[in-house]
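Q: Sharing query.txt below, compact mmCIF, C-alpha atoms:
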# COMPACT_ATOMS: atom_id res chain seq x y z
CA MET Q 728 16.91 7.85 30.30
CA ALA Q 729 16.57 7.34 26.54
CA THR Q 730 14.94 3.92 27.01
CA ILE Q 731 12.26 5.43 29.24
CA LEU Q 732 11.74 8.18 26.73
CA ILE Q 733 11.34 5.86 23.72
CA ASP Q 734 8.84 3.71 25.66
CA LYS Q 735 6.84 6.80 26.52
CA LEU Q 736 6.88 7.99 22.91
CA LEU Q 737 5.85 4.58 21.55
CA HIS Q 738 2.98 4.41 24.07
CA THR Q 739 1.83 7.79 22.73
CA VAL Q 740 2.02 6.53 19.13
CA VAL Q 741 -0.08 3.45 19.97
CA ASN Q 742 -2.62 5.29 22.16
CA ARG Q 743 -3.17 8.10 19.66
CA LYS Q 744 -3.29 5.65 16.72
CA ALA Q 745 -0.55 7.54 14.88
CA SER Q 746 0.85 5.92 11.74
CA ASP Q 747 4.40 7.30 12.17
CA LEU Q 748 6.76 8.89 14.66
CA HIS Q 749 9.41 11.31 13.36
CA ILE Q 750 12.56 11.98 15.41
CA ALA Q 751 14.80 14.84 14.25
CA VAL Q 752 17.24 17.25 15.88
CA GLY Q 753 15.90 20.79 16.38
CA GLN Q 754 12.23 20.00 16.99
CA PRO Q 755 10.10 17.92 19.39
CA PRO Q 756 9.03 14.39 18.32
CA VAL Q 757 6.34 14.54 15.59
CA LEU Q 758 3.40 12.17 15.02
CA ARG Q 759 1.56 11.55 11.77
CA LEU Q 760 -2.14 11.45 12.65
CA ASP Q 761 -4.65 10.75 9.85
CA GLY Q 762 -2.14 11.98 7.32
CA HIS Q 763 -1.20 15.21 9.15
CA LEU Q 764 2.02 15.92 11.07
CA VAL Q 765 1.49 16.94 14.70
CA ARG Q 766 4.30 18.08 17.03
CA LEU Q 767 4.25 16.73 20.55
CA GLU Q 768 4.40 19.33 23.30
CA THR Q 769 7.70 18.18 24.72
CA LYS Q 770 11.26 19.48 24.63
CA THR Q 771 13.12 20.18 21.40
CA LEU Q 772 15.44 17.26 20.64
CA GLU Q 773 19.20 17.81 20.91
CA PRO Q 774 21.77 15.73 18.95
CA GLU Q 775 22.48 13.57 22.04
CA ASP Q 776 18.71 12.88 22.46
CA THR Q 777 18.30 11.43 18.97
CA VAL Q 778 21.49 9.33 19.34
CA GLY Q 779 20.24 8.02 22.70
CA LEU Q 780 16.81 7.19 21.28
CA MET Q 781 18.41 5.46 18.27
CA LYS Q 782 20.79 3.37 20.42
CA SER Q 783 17.97 2.28 22.74
CA ILE Q 784 16.19 0.35 19.95
CA THR Q 785 18.67 -0.22 17.10
CA PRO Q 786 20.39 -3.65 16.84
CA GLU Q 787 24.19 -3.65 16.80
CA ARG Q 788 24.46 -4.74 13.14
CA CYS Q 789 22.17 -1.85 12.11
CA GLN Q 790 24.19 0.69 14.11
CA GLN Q 791 27.21 -0.59 12.21
CA GLU Q 792 25.38 -0.14 8.89
CA LEU Q 793 24.36 3.40 9.90
CA GLN Q 794 28.05 4.26 10.45
CA GLU Q 795 29.13 2.68 7.17
CA VAL Q 796 26.43 3.82 4.72
CA GLY Q 797 24.53 6.55 6.58
CA GLY Q 798 21.24 4.67 6.98
CA THR Q 799 19.60 1.42 8.10
CA ASP Q 800 16.14 -0.22 8.37
CA PHE Q 801 14.82 -2.82 10.78
CA GLY Q 802 11.64 -4.02 12.46
CA PHE Q 803 11.03 -4.52 16.17
CA ALA Q 804 8.20 -5.48 18.52
CA PHE Q 805 7.00 -3.06 21.18
CA GLY Q 806 5.81 -5.65 23.70
CA ASP Q 807 2.42 -7.04 22.64
CA MET Q 808 1.13 -3.63 21.63
CA ALA Q 809 2.52 -3.09 18.14
CA ARG Q 810 5.42 -3.66 15.82
CA PHE Q 811 7.42 -0.85 14.29
CA ARG Q 812 9.33 -0.57 11.03
CA VAL Q 813 12.21 1.78 11.70
CA SER Q 814 14.31 3.78 9.29
CA VAL Q 815 17.40 5.42 10.84
CA PHE Q 816 19.39 7.92 8.79
CA LYS Q 817 21.88 10.74 9.03
CA GLN Q 818 20.96 14.29 8.08
CA LYS Q 819 23.28 17.29 8.43
CA GLY Q 820 25.55 14.91 10.33
CA TYR Q 821 22.89 14.21 12.99
CA VAL Q 822 20.84 11.05 13.55
CA GLY Q 823 17.17 11.08 12.49
CA MET Q 824 14.55 8.32 12.65
CA VAL Q 825 11.10 7.53 11.33
CA LEU Q 826 9.14 4.75 13.02
CA ARG Q 827 6.10 3.36 11.18
CA GLN Q 828 3.54 1.60 13.38
CA ILE Q 829 2.39 -1.82 12.21
CA PRO Q 830 -0.77 -2.73 14.12
CA ASN Q 831 -0.77 -6.11 15.83
CA LYS Q 832 -4.31 -6.79 14.71
CA MET Q 833 -4.52 -7.76 11.09
CA LEU Q 834 -7.39 -6.23 9.13
CA ASP Q 835 -9.51 -8.35 6.81
CA PHE Q 836 -10.75 -7.51 3.31
CA LYS Q 837 -14.06 -6.21 4.66
CA ALA Q 838 -12.39 -3.77 7.04
CA LEU Q 839 -10.04 -2.60 4.27
CA GLY Q 840 -12.84 -2.28 1.70
CA THR Q 841 -10.84 -4.08 -1.01
CA PRO Q 842 -12.69 -5.01 -4.22
CA SER Q 843 -14.39 -8.40 -3.70
CA VAL Q 844 -12.69 -9.93 -6.76
CA VAL Q 845 -9.32 -9.91 -4.89
CA ALA Q 846 -10.32 -12.97 -2.82
CA ASP Q 847 -11.07 -14.95 -6.00
CA LEU Q 848 -7.91 -13.91 -7.84
CA ILE Q 849 -5.50 -14.88 -5.07
CA LEU Q 850 -6.97 -18.39 -4.92
CA ARG Q 851 -5.84 -19.03 -8.51
CA PRO Q 852 -3.21 -21.77 -8.85
CA ARG Q 853 -0.62 -19.51 -10.47
CA GLY Q 854 0.09 -15.98 -11.62
CA LEU Q 855 1.50 -12.60 -10.61
CA PHE Q 856 -0.66 -10.28 -8.49
CA LEU Q 857 0.71 -6.75 -7.96
CA VAL Q 858 -0.28 -4.33 -5.20
CA THR Q 859 0.87 -0.82 -6.07
CA GLY Q 860 0.73 2.73 -4.77
CA PRO Q 861 2.98 5.41 -3.27
CA THR Q 862 4.79 4.97 0.05
CA GLY Q 863 2.37 4.95 2.97
CA SER Q 864 -0.68 3.99 0.91
CA GLY Q 865 -1.30 0.79 2.89
CA LYS Q 866 0.20 -1.80 0.49
CA THR Q 867 1.78 -3.82 3.31
CA THR Q 868 -1.53 -3.94 5.20
CA THR Q 869 -3.37 -5.16 2.08
CA LEU Q 870 -0.75 -7.85 1.40
CA ALA Q 871 -0.91 -8.99 5.03
CA ALA Q 872 -4.69 -9.34 4.70
CA MET Q 873 -4.21 -11.39 1.51
CA ILE Q 874 -1.70 -13.73 3.20
CA ASP Q 875 -3.96 -14.04 6.25
CA TYR Q 876 -6.98 -14.89 4.06
CA LEU Q 877 -5.04 -17.67 2.32
CA ASN Q 878 -3.63 -18.83 5.66
CA GLU Q 879 -7.16 -19.30 7.01
CA THR Q 880 -8.72 -20.67 3.82
CA VAL Q 881 -6.30 -23.11 2.13
CA ASP Q 882 -3.46 -25.48 2.99
CA HIS Q 883 -0.67 -23.69 1.15
CA HIS Q 884 3.02 -23.25 1.75
CA ILE Q 885 3.49 -19.47 1.78
CA ILE Q 886 6.96 -17.93 1.66
CA THR Q 887 7.34 -14.19 2.23
CA ILE Q 888 10.50 -12.23 1.46
CA GLU Q 889 10.38 -8.88 3.28
CA ASP Q 890 12.56 -5.90 4.11
CA PRO Q 891 11.98 -5.83 7.08
CA ILE Q 892 9.29 -8.30 8.26
CA GLU Q 893 6.32 -6.19 9.34
CA PHE Q 894 3.24 -8.29 10.11
CA PHE Q 895 3.96 -11.62 11.82
CA HIS Q 896 1.92 -14.59 10.52
CA ASN Q 897 1.34 -17.73 12.58
CA HIS Q 898 0.81 -21.06 10.83
CA LYS Q 899 -2.94 -21.62 10.56
CA LYS Q 900 -4.29 -23.80 7.73
CA SER Q 901 -1.19 -22.90 5.73
CA THR Q 902 2.48 -23.02 6.62
CA VAL Q 903 3.95 -19.51 6.50
CA ASN Q 904 7.72 -18.99 6.38
CA GLN Q 905 8.84 -15.35 6.53
CA ARG Q 906 12.36 -14.43 5.43
CA GLU Q 907 13.93 -11.07 6.15
CA LEU Q 908 16.36 -9.37 3.79
CA HIS Q 909 19.93 -9.09 5.18
CA VAL Q 910 18.98 -11.35 8.11
CA ASP Q 911 17.75 -14.58 6.49
CA VAL Q 912 18.63 -13.89 2.88
CA PRO Q 913 20.97 -11.49 0.99
CA ALA Q 914 18.73 -10.26 -1.87
CA PHE Q 915 15.15 -10.47 -3.18
CA ALA Q 916 16.01 -12.13 -6.51
CA GLU Q 917 18.22 -14.71 -4.80
CA ALA Q 918 15.47 -15.46 -2.25
CA ILE Q 919 12.87 -16.00 -5.00
CA ARG Q 920 15.17 -18.44 -6.82
CA ARG Q 921 15.80 -20.33 -3.56
CA ALA Q 922 12.09 -20.31 -2.73
CA LEU Q 923 11.31 -22.26 -5.89
CA ARG Q 924 13.15 -25.23 -4.35
CA GLN Q 925 11.14 -25.01 -1.14
CA ASP Q 926 7.85 -26.39 -2.50
CA PRO Q 927 5.94 -23.07 -2.27
CA ASP Q 928 2.37 -22.39 -3.41
CA VAL Q 929 2.59 -18.65 -2.77
CA ILE Q 930 5.62 -16.33 -2.74
CA LEU Q 931 5.33 -12.75 -1.48
CA VAL Q 932 8.05 -10.41 -2.74
CA GLY Q 933 8.12 -7.35 -0.46
CA GLU Q 934 9.43 -5.01 -3.13
CA MET Q 935 10.10 -5.49 -6.83
CA ARG Q 936 12.78 -2.83 -7.09
CA ASP Q 937 15.11 -4.03 -9.86
CA LEU Q 938 15.33 -6.03 -13.05
CA ASP Q 939 16.62 -9.21 -11.36
CA THR Q 940 13.78 -9.29 -8.83
CA ILE Q 941 11.07 -8.55 -11.43
CA GLU Q 942 12.48 -11.21 -13.76
CA ALA Q 943 12.63 -13.80 -10.97
CA ALA Q 944 9.05 -12.94 -9.87
CA ILE Q 945 7.65 -13.30 -13.41
CA THR Q 946 9.48 -16.63 -13.86
CA ALA Q 947 8.11 -17.92 -10.53
CA ALA Q 948 4.58 -16.90 -11.57
CA GLU Q 949 4.96 -18.67 -14.92
CA THR Q 950 6.17 -21.90 -13.31
CA GLY Q 951 3.01 -22.57 -11.33
CA HIS Q 952 3.14 -20.36 -8.25
CA VAL Q 953 1.09 -17.41 -7.09
CA VAL Q 954 3.45 -14.45 -6.63
CA PHE Q 955 2.47 -11.25 -4.81
CA GLY Q 956 4.64 -8.21 -5.38
CA THR Q 957 4.58 -4.48 -4.70
CA LEU Q 958 5.65 -1.53 -6.82
CA HIS Q 959 5.66 2.22 -6.08
CA THR Q 960 3.51 3.05 -9.10
CA THR Q 961 0.10 4.67 -9.40
CA GLY Q 962 -2.60 3.12 -11.54
CA ALA Q 963 -2.74 -0.27 -13.26
CA GLN Q 964 -1.81 1.10 -16.68
CA GLY Q 965 1.30 2.84 -15.32
CA THR Q 966 2.30 -0.31 -13.44
CA VAL Q 967 2.36 -2.48 -16.57
CA ASN Q 968 4.47 0.13 -18.38
CA ARG Q 969 6.84 0.43 -15.42
CA VAL Q 970 7.48 -3.34 -15.27
CA ILE Q 971 8.25 -3.46 -19.00
CA ASP Q 972 10.39 -0.29 -18.96
CA VAL Q 973 12.75 -1.78 -16.38
CA PHE Q 974 14.05 -4.13 -19.09
CA PRO Q 975 16.44 -3.20 -21.93
CA THR Q 976 14.67 -2.42 -25.22
CA SER Q 977 15.92 -5.66 -26.79
CA GLN Q 978 14.09 -7.71 -24.11
CA GLN Q 979 10.88 -5.74 -23.92
CA GLU Q 980 8.92 -7.68 -26.50
CA GLN Q 981 9.72 -10.98 -24.81
CA ILE Q 982 8.82 -9.53 -21.37
CA ARG Q 983 5.49 -8.24 -22.74
CA THR Q 984 4.64 -11.78 -23.83
CA GLN Q 985 5.77 -13.28 -20.51
CA LEU Q 986 3.96 -10.65 -18.45
CA SER Q 987 0.73 -11.04 -20.44
CA THR Q 988 0.57 -14.74 -19.54
CA ALA Q 989 1.86 -14.39 -15.96
CA ILE Q 990 -0.09 -11.42 -14.59
CA ILE Q 991 -3.54 -12.07 -13.09
CA GLY Q 992 -4.36 -8.74 -11.46
CA ILE Q 993 -3.19 -5.33 -10.27
CA LEU Q 994 -4.61 -3.57 -7.23
CA SER Q 995 -3.52 0.06 -7.07
CA GLN Q 996 -4.35 2.03 -3.93
CA GLN Q 997 -4.27 5.44 -2.27
CA LEU Q 998 -4.93 6.31 1.38
CA LEU Q 999 -7.00 9.42 2.18
CA PRO Q 1000 -8.12 11.23 5.36
CA LYS Q 1001 -11.73 10.43 6.20
CA ILE Q 1002 -14.14 13.23 7.07
CA GLY Q 1003 -14.54 12.99 10.85
CA GLY Q 1004 -11.20 11.24 11.44
CA GLY Q 1005 -9.47 8.04 10.44
CA ARG Q 1006 -8.41 7.06 6.95
CA VAL Q 1007 -9.94 5.24 4.02
CA ALA Q 1008 -8.39 3.49 1.02
CA ALA Q 1009 -9.41 4.10 -2.58
CA TYR Q 1010 -8.68 1.28 -5.03
CA GLU Q 1011 -8.11 0.74 -8.72
CA MET Q 1012 -8.60 -2.89 -9.76
CA LEU Q 1013 -7.43 -4.50 -12.98
CA VAL Q 1014 -8.42 -8.11 -13.62
CA VAL Q 1015 -6.30 -9.49 -16.46
CA THR Q 1016 -8.70 -11.04 -18.98
CA PRO Q 1017 -7.55 -12.58 -22.31
CA ALA Q 1018 -8.45 -9.24 -23.97
CA ILE Q 1019 -6.26 -7.27 -21.52
CA ALA Q 1020 -3.44 -9.84 -21.85
CA ASN Q 1021 -3.61 -9.11 -25.59
CA LEU Q 1022 -3.27 -5.34 -25.00
CA ILE Q 1023 -0.14 -6.00 -22.89
CA ARG Q 1024 1.34 -8.34 -25.49
CA GLU Q 1025 0.64 -5.99 -28.40
CA ASN Q 1026 2.02 -2.90 -26.58
CA LYS Q 1027 -1.41 -1.21 -26.42
CA THR Q 1028 -1.30 -0.50 -22.70
CA TYR Q 1029 -2.77 2.99 -23.33
CA ARG Q 1030 -6.11 1.19 -23.81
CA ILE Q 1031 -6.07 -0.48 -20.38
CA ASN Q 1032 -7.96 2.32 -18.60
CA SER Q 1033 -10.92 2.13 -20.96
CA ALA Q 1034 -10.86 -1.68 -20.65
CA ILE Q 1035 -11.12 -1.28 -16.85
CA GLN Q 1036 -14.09 1.07 -17.30
CA THR Q 1037 -15.98 -1.45 -19.40
CA GLY Q 1038 -14.97 -4.37 -17.18
CA HIS Q 1039 -16.84 -3.40 -14.00
CA LYS Q 1040 -18.98 -6.56 -14.25
CA LEU Q 1041 -15.77 -8.53 -13.74
CA GLY Q 1042 -14.93 -6.56 -10.60
CA MET Q 1043 -12.73 -3.91 -12.22
CA GLN Q 1044 -12.75 -0.24 -11.26
CA LEU Q 1045 -10.73 2.89 -11.93
CA LEU Q 1046 -9.25 4.77 -8.98
CA ASP Q 1047 -11.02 8.00 -9.97
CA ASP Q 1048 -14.41 6.24 -10.05
CA HIS Q 1049 -13.85 4.96 -6.52
CA LEU Q 1050 -12.72 8.42 -5.35
CA PHE Q 1051 -15.88 9.91 -6.89
CA ARG Q 1052 -18.06 7.38 -5.03
CA LEU Q 1053 -16.25 8.07 -1.74
CA TRP Q 1054 -16.73 11.82 -2.23
CA LYS Q 1055 -20.41 11.38 -3.14
CA ALA Q 1056 -20.95 9.24 -0.03
CA GLY Q 1057 -19.52 12.07 2.10
CA THR Q 1058 -16.57 9.92 3.20
CA ILE Q 1059 -13.78 12.10 1.81
CA ASP Q 1060 -13.21 15.76 1.06
CA LYS Q 1061 -13.18 17.02 -2.54
CA ARG Q 1062 -9.69 18.54 -2.10
CA ASP Q 1063 -8.22 15.22 -0.94
CA ALA Q 1064 -9.84 13.38 -3.86
CA MET Q 1065 -8.29 15.86 -6.30
CA VAL Q 1066 -4.81 15.39 -4.81
CA LYS Q 1067 -4.89 11.59 -5.11
CA CYS Q 1068 -6.70 11.08 -8.42
CA ASN Q 1069 -5.10 10.12 -11.74
CA GLN Q 1070 -7.07 12.50 -14.03
CA PRO Q 1071 -7.70 15.72 -12.01
CA ASP Q 1072 -9.43 17.64 -14.83
CA GLU Q 1073 -11.92 14.87 -15.54
CA LEU Q 1074 -12.69 14.24 -11.88
CA ALA Q 1075 -13.10 17.98 -11.19
CA ALA Q 1076 -15.58 18.28 -14.07
CA ARG Q 1077 -17.47 15.22 -12.85
CA ILE Q 1078 -17.70 16.51 -9.28
CA ALA Q 1079 -18.80 19.96 -10.56
CA ARG Q 1080 -21.57 18.31 -12.64
CA ALA Q 1081 -22.69 16.30 -9.63
CA GLU Q 1082 -22.71 19.42 -7.41
CA ARG Q 1083 -24.80 21.26 -10.02
CA GLY Q 1084 -27.16 18.31 -10.19
CA MET Q 1085 -27.50 18.34 -6.42
CA LEU Q 1086 -28.40 22.02 -6.46
CA GLU Q 1087 -30.70 22.00 -9.48
CA ASP Q 1088 -32.80 18.95 -8.89
CA GLU Q 1089 -34.53 19.92 -5.68
CA ASP Q 1090 -37.02 17.10 -5.67
CA GLU Q 1091 -34.37 14.47 -6.20
CA ALA Q 1092 -32.17 16.11 -3.56
CA ARG Q 1093 -35.04 16.18 -1.06
CA GLY Q 1094 -35.84 12.56 -1.81
CA ARG Q 1095 -32.22 11.57 -1.35
CA LEU Q 1096 -31.90 13.53 1.89
CA ASP Q 1097 -35.10 12.01 3.26
CA ASN Q 1098 -33.72 8.56 2.46
CA ASP Q 1099 -30.45 9.46 4.12
CA ASP Q 1100 -32.26 11.01 7.08
CA GLY Q 1101 -29.98 14.01 6.63
CA PRO Q 1102 -30.93 17.67 7.29
CA PRO Q 1103 -33.92 18.12 4.94
CA ASN Q 1104 -33.48 21.77 3.92
CA LYS Q 1105 -29.82 22.34 3.30
CA LYS Q 1106 -29.50 21.34 -0.33
CA GLY Q 1107 -33.06 22.26 -1.26
CA ASN Q 1108 -32.46 25.86 -0.17
CA GLY Q 1109 -29.32 25.94 -2.22
CA GLY Q 1110 -31.40 25.00 -5.22
CA ALA Q 1111 -33.99 27.69 -4.49
CA SER Q 1112 -31.42 30.43 -4.13
CA LYS Q 1113 -29.63 29.34 -7.25
CA LYS Q 1114 -32.78 29.66 -9.28
Transcribe the structure of this file into structure tokens.
A:
Amino acid sequence: MATILIDKLLHTVVNRKASDLHIAVGQPPVLRLDGHLVRLETKTLEPEDTVGLMKSITPERCQQELQEVGGTDFGFAFGDMARFRVSVFKQKGYVGMVLRQIPNKMLDFKALGTPSVVADLILRPRGLFLVTGPTGSGKTTTLAAMIDYLNETVDHHIITIEDPIEFFHNHKKSTVNQRELHVDVPAFAEAIRRALRQDPDVILVGEMRDLDTIEAAITAAETGHVVFGTLHTTGAQGTVNRVIDVFPTSQQEQIRTQLSTAIIGILSQQLLPKIGGGRVAAYEMLVVTPAIANLIRENKTYRINSAIQTGHKLGMQLLDDHLFRLWKAGTIDKRDAMVKCNQPDELAARIARAERGMLEDEDEARGRLDNDDGPPNKKGNGGASKK
């Protein structure tokens, strides 16, 4: 019974293009659609339902882990339709689950809208490239696109260390070996150290969660490899500080120097609901120039944001600038932009100025609307009534 039910639920997730499925006792199954939680119109789940659903997809070793530590994670394929990353946990003594859908079709840079400089940076012969953002901001999808781009473009040996493996990569021009935590390898740091003996060109570290992993990743980047890593930080400036703060004070100066020579770029992202459905990513891009490497080395990271602002010719951009452009283009709602931005007061003032400008300058507004083939009177009338 439970197997049939889980299949039915997963079909619904795939067909409705939901990003997640939530299973919890006391309510029906819940989908996350375009960032919003939507309850399915089915029966309320009882404790035995969630246990049955869990057992129908959870490997034996993970069920064991759930009993021992109260939680477990794994990935599994739902036929040819999609893969899912599953987190099983106990809450109030009951079993709960969240299943994140990983689409089978990999998106490319164009579809993701990543800054064009990313493609150049990842072709460098060595260095650390970080993709950062909160949970569910699309970091895994971006990294998969980066690996796929290299796989199609150059003859590299790419090693990924993931927890769990999400996107599957076939060998194309490159050889791609994917290692899963707790299945193929015990720990991230250990896997990075082993990888160095496996003739890699590129190493992807699924999550840089502790000092050992960060240290191993920086060392690998210094010794002539391209290393991709992810962190749950927002903004490039905050990411640099976070990496350094992980280390004891006595080591921080040395790490600043190492990081300044190892790091080549930071892509920080947020995912927002699109007006009219779907979702869109907003990006902050830091390209590490000699001047920015100096700021990192000299502990002047507070100046990174203004360096990004002046570095747009090199492909850099601040998250808030991208959010502003997305709002101006009518892609995202003002409220959503305000929730995801780094400097709410500044962005609010900027949007308010732009809205005033739209109302006051009737001629410009009409010209813009004619160019856009939008409704010709809407904003012009606003201007007239305001005056």
Q: Take atom CA of Val825 of chain Q and atom CA of Arg936 of chain Q and report the distance between them in Å, one decimal.
A: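 According to the coordinates, atom CA of Val825 of chain Q and atom CA of Arg936 of chain Q are separated by 21.2 Å.
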Q: Show me, as a list in words, the residues that have an atom within 12 Å of Ile1035 of chain Q when counting all atoms listed in the file, minus same-chain residues fewer than 5 positions from it.
A: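 Contacts, with the query itself left out: Gly962, Ala963, Gln964, Gly992, Ile993, Leu994, Glu1011, Met1012, Leu1013, Val1014, Val1015, Thr1016, Ala1018, Ile1019, Thr1028, Tyr1029, Arg1030, Lys1040, Leu1041, Gly1042, Met1043, Gln1044, Leu1045, Leu1046, Asp1047 and Asp1048 of chain Q.
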Q: I need the residues from that last selection saved to file as an mmCIF file, in the coordinates of the input (with C-alpha atoms), if you can.
A:
data_model
loop_
_atom_site.group_PDB
_atom_site.id
_atom_site.type_symbol
_atom_site.label_atom_id
_atom_site.label_comp_id
_atom_site.auth_asym_id
_atom_site.auth_seq_id
_atom_site.Cartn_x
_atom_site.Cartn_y
_atom_site.Cartn_z
ATOM 1 C CA GLY Q 962 -2.600 3.120 -11.540
ATOM 2 C CA ALA Q 963 -2.740 -0.270 -13.260
ATOM 3 C CA GLN Q 964 -1.810 1.100 -16.680
ATOM 4 C CA GLY Q 992 -4.360 -8.740 -11.460
ATOM 5 C CA ILE Q 993 -3.190 -5.330 -10.270
ATOM 6 C CA LEU Q 994 -4.610 -3.570 -7.230
ATOM 7 C CA GLU Q 1011 -8.110 0.740 -8.720
ATOM 8 C CA MET Q 1012 -8.600 -2.890 -9.760
ATOM 9 C CA LEU Q 1013 -7.430 -4.500 -12.980
ATOM 10 C CA VAL Q 1014 -8.420 -8.110 -13.620
ATOM 11 C CA VAL Q 1015 -6.300 -9.490 -16.460
ATOM 12 C CA THR Q 1016 -8.700 -11.040 -18.980
ATOM 13 C CA ALA Q 1018 -8.450 -9.240 -23.970
ATOM 14 C CA ILE Q 1019 -6.260 -7.270 -21.520
ATOM 15 C CA THR Q 1028 -1.300 -0.500 -22.700
ATOM 16 C CA TYR Q 1029 -2.770 2.990 -23.330
ATOM 17 C CA ARG Q 1030 -6.110 1.190 -23.810
ATOM 18 C CA LYS Q 1040 -18.980 -6.560 -14.250
ATOM 19 C CA LEU Q 1041 -15.770 -8.530 -13.740
ATOM 20 C CA GLY Q 1042 -14.930 -6.560 -10.600
ATOM 21 C CA MET Q 1043 -12.730 -3.910 -12.220
ATOM 22 C CA GLN Q 1044 -12.750 -0.240 -11.260
ATOM 23 C CA LEU Q 1045 -10.730 2.890 -11.930
ATOM 24 C CA LEU Q 1046 -9.250 4.770 -8.980
ATOM 25 C CA ASP Q 1047 -11.020 8.000 -9.970
ATOM 26 C CA ASP Q 1048 -14.410 6.240 -10.050
#
Q: Need to verify the contact set: Leu870 of chain Q, 10 Å, only C-alpha atoms, exclusion of same-chain residues closer than 2 positions in sequence. Can you return it as a VMD selection string?
A: chain Q and resid 857 to 858 865 to 868 872 to 876 894 931 933 955 to 957
Q: So which residues touch Arg827 of chain Q within 6 Å, counting only C-alpha atoms, skipping near sequence neighbours fewer than 3 positions away, as a list of chain:residue names?
A: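 The filter keeps Q:Ser746, Q:Asp747, Q:Phe811, Q:Arg812.
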Q: Would you kindly return, as a PyMOL selection string, each protein, DNA or RNA residue with an atom no farther than 8 Å from any atom of segment 884-890 of chain Q, considering all atoms listed in the file and excluding same-chain residues fewer than 6 positions away?
A: chain Q and resi 800-801+874+901-908+915+918-919+922+926-934
Q: Between atom CA of Leu999 of chain Q and atom CA of Ser864 of chain Q, what distance in Å does the model show, to one decimal?
A: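 These atoms are spaced 8.4 Å apart.
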Q: So which residues touch Arg853 of chain Q within 10 Å, counting all atoms listed in the file, skipping near sequence neighbours fewer than 4 positions away, as a list of chain:residue names?
A: Q:Leu848, Q:Ile849, Q:Asp928, Q:Val929, Q:Ala947, Q:Ala948, Q:Glu949, Q:Thr950, Q:Gly951, Q:His952, Q:Val953, Q:Val954, Q:Ala989, Q:Ile990, Q:Ile991
Q: Next, write the just-selected residues to a file, as a PDB file, in the coordinates of the input, keeping C-alpha atoms as the atom set.
A:
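Saved the output as selection-v5.pdb:
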ATOM      1  CA  LEU Q 848      -7.910 -13.910  -7.840  1.00  0.00           C
ATOM      2  CA  ILE Q 849      -5.500 -14.880  -5.070  1.00  0.00           C
ATOM      3  CA  ASP Q 928       2.370 -22.390  -3.410  1.00  0.00           C
ATOM      4  CA  VAL Q 929       2.590 -18.650  -2.770  1.00  0.00           C
ATOM      5  CA  ALA Q 947       8.110 -17.920 -10.530  1.00  0.00           C
ATOM      6  CA  ALA Q 948       4.580 -16.900 -11.570  1.00  0.00           C
ATOM      7  CA  GLU Q 949       4.960 -18.670 -14.920  1.00  0.00           C
ATOM      8  CA  THR Q 950       6.170 -21.900 -13.310  1.00  0.00           C
ATOM      9  CA  GLY Q 951       3.010 -22.570 -11.330  1.00  0.00           C
ATOM     10  CA  HIS Q 952       3.140 -20.360  -8.250  1.00  0.00           C
ATOM     11  CA  VAL Q 953       1.090 -17.410  -7.090  1.00  0.00           C
ATOM     12  CA  VAL Q 954       3.450 -14.450  -6.630  1.00  0.00           C
ATOM     13  CA  ALA Q 989       1.860 -14.390 -15.960  1.00  0.00           C
ATOM     14  CA  ILE Q 990      -0.090 -11.420 -14.590  1.00  0.00           C
ATOM     15  CA  ILE Q 991      -3.540 -12.070 -13.090  1.00  0.00           C
TER      16      ILE Q 991
END
Q: Using atom CA of Gly762 of chain Q and atom CA of Ala804 of chain Q as the two end points, give the distance in Å to one decimal.
A: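 We find that atom CA of Gly762 of chain Q and atom CA of Ala804 of chain Q lie 23.2 Å from each other.
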Q: Name the closest residue to Gly965 of chain Q among the candidates Q:Thr859, Q:His763, Q:Gln828, Q:Gln754; distances are taken between atoms, counting only C-alpha atoms.
A: Q:Thr859
Q: From the list Q:Pro1071, Q:Gly1003, Q:Pro774, Q:Gly802, which residue is nearest Phe1051 of chain Q when using all atoms listed in the file?
A: Q:Pro1071
Q: My list of candidates is Q:Arg1024, Q:Lys817, Q:Arg766, Q:Lys782. Which is closest to Leu986 of chain Q when distances are computed with all atoms listed in the file?
A: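 Result for the nearest residue to Leu986 of chain Q: Q:Arg1024.
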Q: Nearest residue to Glu768 of chain Q out of Q:Val973, Q:Met935, Q:Leu736, Q:Ile1078, using all atoms listed in the file?
A: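 Closest candidate: Q:Leu736.
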Q: Determine the nearest neighbour of Leu938 of chain Q from the options Q:Gln978, Q:Gln791, Q:Gln1036, Q:Ser987, counting all atoms listed in the file.
A: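 Comparing Q:Gln978, Q:Gln791, Q:Gln1036, Q:Ser987 against Leu938 of chain Q, the winner is Q:Gln978.
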Q: Out of Q:Gly840, Q:Pro861, Q:Gly1084, Q:Gly797, which residue has the shortest atom-to-atom distance to Tyr821 of chain Q when counting only C-alpha atoms?
A: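 So, comparing all the options, the nearest one is Q:Gly797.
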Q: Using only C-alpha atoms, give me every residue within 12 Å of (10.1, -9.5, -20.2) in file coordinates, as a count of residues only.
A: 36
Q: Around the point (6.1, 8.9, 10.8) in the file's coordinates, collect all residues with an atom within 12 Å, using only C-alpha atoms, and return them as number ranges by chain.
A: Q: 737, 740, 744-751, 756-766, 811-815, 823-829, 862-863
